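Chemist: Below is a structure I'd like to ask you about.
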Amino acid sequence: MGLTGGIAAGKSTALEALERLGAAVLSTDAVVHELYASPEVRDLVVARWGGAVAPGGTVDRAAVAAHAFAAPEERAWLEGVLWPRVGARVAAWREQVVAQEPPPPAAVVETPLLFEAGMDAAYDATLAIVAPEALRAERAGARGHAAVAERTSRQLTQEQKASRATYVVVNDGSIEDLDRKLSDVLAKLNG
Ligand SMILES: CC(C)(COP(=O)(O)OP(=O)(O)OC[C@H]1O[C@@H](n2cnc3c(N)ncnc32)[C@H](O)[C@@H]1O)[C@@H](O)C(=O)NCCC(=O)NCCS
Ligand SMILES: Nc1ncnc2c1ncn2[C@@H]1O[C@H](COP(=O)(O)OP(=O)(O)OP(=O)(O)O)[C@@H](O)[C@H]1O
């Protein structure tokens, strides 16, 4: 199942909850983090944007975001580098999950741009995590990501994500509420 949602809607929190409920889980944001730690991807971004994006040899994600969200062609270049590599990692992970005995109740991949990148076609079902705007703003504020407006403008709205998804979970309560809602989704998925 593919899991998505807007910035700070609670995608990672939902993924953790699904893992507690027994699902096999993978986050493409985490895969992207690993890719920046590889010399191959680091060298590609340094070749494009200069040594200041990897001071001391470690990629500075805020510096990458400043370049990537400054112009559509820069963002497209970065996505062209990362998405095929993310896709290969997801495919390898799925092969490993399929071989698990007993099989997990679900295999869930968190992908922020699931619909925008057309990656939803790779899944039997999709799940959108949504939350009221005020709550998202409050939760995102604690985060302090660079270029939030640019990221948001590149994404579908919460309503659009919800209308495309097989399942929708509103993350407006406690973690226990979220667990219960996700447990219902797993029951439907296997029902
Ligand atoms: C630009 C980068 C370095 C910023 O890193 P940072 O640590 O600040 O953010 P992080 O990666 O944790 O992402 C946080 C959120 O930003 C949003 N976001 C990330 N990339 C994009 C993008 N290309 N377009 C729109 N929103 C995005 C998502 O909602 C995501 O959940 C990084 O996000 C990146 O390399 N993005 C391009 C790859 C991509 O498209 N990733 C999305 C999952 S495949
Ligand atoms: N039900 C909840 N109750 C309390 N706090 C929550 C709940 N859901 C999420 N949060 C908090 O809100 C913040 C954002 O949640 P989370 O990181 O899961 O969102 P995300 O959609 O993965 O964000 P991003 O777009 O930044 O990757 C986190 O600090 C998380 O702990």
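Chain identifiers are assigned as A, B, and so on, following the order in which chains appear in the structure tokens; residues are numbered from 1 within each chain, and ligands are numbered from 1 in order of appearance.
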Within 10 Å of region 171-185 of chain A, counting only C-alpha atoms, which residues show up once you throw out same-chain ones fewer than 3 positions away? Write them as a ChimeraX atom specification, please.
Modeler: /A:9-11,13-18,20-22,127,129-132,135-136,166-168,188-191
Chemist: Going by DSSP on the backbone, which bits of region 13-157 of chain A are strand (DSSP E)? Write them as a ChimeraX atom specification, please.
Modeler: /A:24-27,107-110,126-130
Chemist: Could you report the residues within 6 Å of ligand 1, using only C-alpha atoms and all ligand atoms, as a list in words?
Modeler: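 Counting only what the definition allows, namely only C-alpha atoms and all ligand atoms, the set is Gly6, Ile7, Thr28, Asp29, Arg61, Ala62, Val64, Ala65, Glu79, Leu82, Trp83, Thr111, Pro112, Leu113, His145, Ala146, Arg151, Arg154 and Gln155 of chain A.
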Chemist: Using only C-alpha atoms and all ligand atoms, which of the listed residues (A:Ala140, A:Val97, A:Ala107, A:Leu186) sits closest to ligand 2?
Modeler: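 Looking only at the distances to ligand 2, the closest residue turns out to be A:Ala140.
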Chemist: Using only C-alpha atoms and all ligand atoms, which of the listed residues (A:Ala142, A:Val32, A:Ala92, A:Ala70) sits closest to ligand 2?
Modeler: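 Of the candidates, the smallest distance to ligand 2 is held by A:Ala142.
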Chemist: Can you tell me, as a PyMOL selection string, which residues in region 47-114 of chain A count as helix (DSSP H, G or I) by DSSP?
Modeler: chain A and resi 47-49+51-53+55-57+61-68+72-98
Chemist: Give the answer as one residue: which of A:Val81, A:Ala68, A:Met1, A:Glu116 has the shortest atom-to-atom distance to Tyr36 (chain A), using only C-alpha atoms?
Modeler: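 Among the listed residues, the smallest separation from Tyr36 (chain A) belongs to A:Val81.
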Chemist: Could you check which of A:Val25, A:Ala128, A:Val169, A:Val31 is closest to Gln96 (chain A), using only C-alpha atoms?
Modeler: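 Under the stated criterion, the closest residue is A:Val25.
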Chemist: If you measure from CA of Ala91 (chain A) to CA of Ser38 (chain A), what distance in Å do you get, rounded to one decimal?
Modeler: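 Between CA of Ala91 (chain A) and CA of Ser38 (chain A) the gap is 18.8 Å.
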Chemist: Tell me which protein, DNA and RNA residues are within 12 Å of Ala165 (chain A), counting only C-alpha atoms, leaving out same-chain ones fewer than 5 positions away, and put them as a list of chain:residue names.
Modeler: A:Met1, A:Gly2, A:Leu3, A:Thr4, A:Gly5, A:Leu114, A:Phe115, A:Asp120, A:Ala121, A:Tyr123, A:Asp124, A:Ala125, A:Thr126, A:Leu127, A:Ala128, A:Ile129, A:Val130, A:Gln158, A:Glu159, A:Gln160
Chemist: How would the residues just chosen look if you wrote them out with N, CA and C atoms as a compact mmCIF listing (two decimals), in the first residue's frame?
Modeler:
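Dumped to again39.txt:
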```
# COMPACT_ATOMS: atom_id res chain seq x y z
N MET A 1 0.86 -1.19 0.00
CA MET A 1 0.00 0.00 0.00
C MET A 1 0.89 1.25 0.00
N GLY A 2 0.51 2.25 -0.75
CA GLY A 2 1.25 3.51 -0.79
C GLY A 2 0.60 4.49 0.18
N LEU A 3 1.41 5.13 1.03
CA LEU A 3 0.91 6.08 2.03
C LEU A 3 1.41 7.48 1.67
N THR A 4 0.49 8.45 1.70
CA THR A 4 0.91 9.82 1.40
C THR A 4 0.15 10.81 2.26
N GLY A 5 0.39 12.10 2.04
CA GLY A 5 -0.27 13.15 2.80
C GLY A 5 0.53 14.43 2.68
N LEU A 114 3.36 10.68 -3.90
CA LEU A 114 2.81 9.45 -4.47
C LEU A 114 1.99 9.72 -5.74
N PHE A 115 1.02 10.63 -5.66
CA PHE A 115 0.15 10.90 -6.81
C PHE A 115 0.84 11.82 -7.81
N ASP A 120 1.50 6.03 -7.59
CA ASP A 120 0.35 5.29 -7.03
C ASP A 120 0.02 4.06 -7.87
N ALA A 121 0.36 4.11 -9.16
CA ALA A 121 0.04 2.98 -10.05
C ALA A 121 0.75 1.70 -9.62
N TYR A 123 0.87 0.48 -6.66
CA TYR A 123 0.32 -0.12 -5.44
C TYR A 123 -1.10 -0.61 -5.65
N ASP A 124 -1.46 -1.66 -4.88
CA ASP A 124 -2.82 -2.20 -4.95
C ASP A 124 -3.81 -1.29 -4.23
N ALA A 125 -3.32 -0.50 -3.26
CA ALA A 125 -4.19 0.43 -2.53
C ALA A 125 -3.35 1.63 -2.09
N THR A 126 -4.05 2.75 -1.83
CA THR A 126 -3.34 3.94 -1.37
C THR A 126 -4.05 4.50 -0.14
N LEU A 127 -3.28 5.18 0.70
CA LEU A 127 -3.82 5.74 1.95
C LEU A 127 -3.35 7.19 2.07
N ALA A 128 -4.30 8.11 2.23
CA ALA A 128 -3.96 9.52 2.44
C ALA A 128 -4.16 9.86 3.91
N ILE A 129 -3.13 10.43 4.53
CA ILE A 129 -3.24 10.94 5.90
C ILE A 129 -3.50 12.44 5.78
N VAL A 130 -4.60 12.90 6.35
CA VAL A 130 -4.91 14.33 6.30
C VAL A 130 -5.11 14.85 7.72
N GLN A 158 -4.66 18.65 0.11
CA GLN A 158 -5.12 17.51 0.92
C GLN A 158 -6.40 16.92 0.34
N GLU A 159 -7.31 17.81 -0.12
CA GLU A 159 -8.58 17.33 -0.67
C GLU A 159 -8.35 16.47 -1.91
N GLN A 160 -7.41 16.91 -2.77
CA GLN A 160 -7.11 16.15 -3.98
C GLN A 160 -6.50 14.79 -3.64
```
Chemist: Would you mind telling me which residue in A:Val170, A:Ala76, A:Ala187, A:Ala122 lies nearest to ligand 2 when using only C-alpha atoms and all ligand atoms?
Modeler: A:Val170
Chemist: Give me, as a list in words, all polymer residues having an atom no more than 8 Å from Leu26 (chain A), counting only C-alpha atoms and skipping those fewer than 3 positions away in the same chain.
Modeler: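 What passes the distance filter is Ala30, Val90, Val108, Val109 and Glu110 of chain A.
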Chemist: Atoms to include: C-alpha atoms. Write the selected residues as a short mmCIF file (atom, residue, chain, number, x, y, z; two decimals), in the first residue's frame.
Modeler:
```cif
data_model
loop_
_atom_site.label_atom_id
_atom_site.label_comp_id
_atom_site.auth_asym_id
_atom_site.auth_seq_id
_atom_site.Cartn_x
_atom_site.Cartn_y
_atom_site.Cartn_z
CA ALA A 30 14.39 7.90 4.67
CA VAL A 90 11.57 0.25 -3.15
CA VAL A 108 3.40 0.08 3.32
CA VAL A 109 5.61 2.64 1.57
CA GLU A 110 5.45 6.32 2.63
#
```
Chemist: A:Ser27, A:Trp77, A:Arg42, A:Val148: which is nearest Ser12 (chain A), counting only C-alpha atoms?
Modeler: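 Answer, going by the shortest atom-to-atom distance: A:Ser27.
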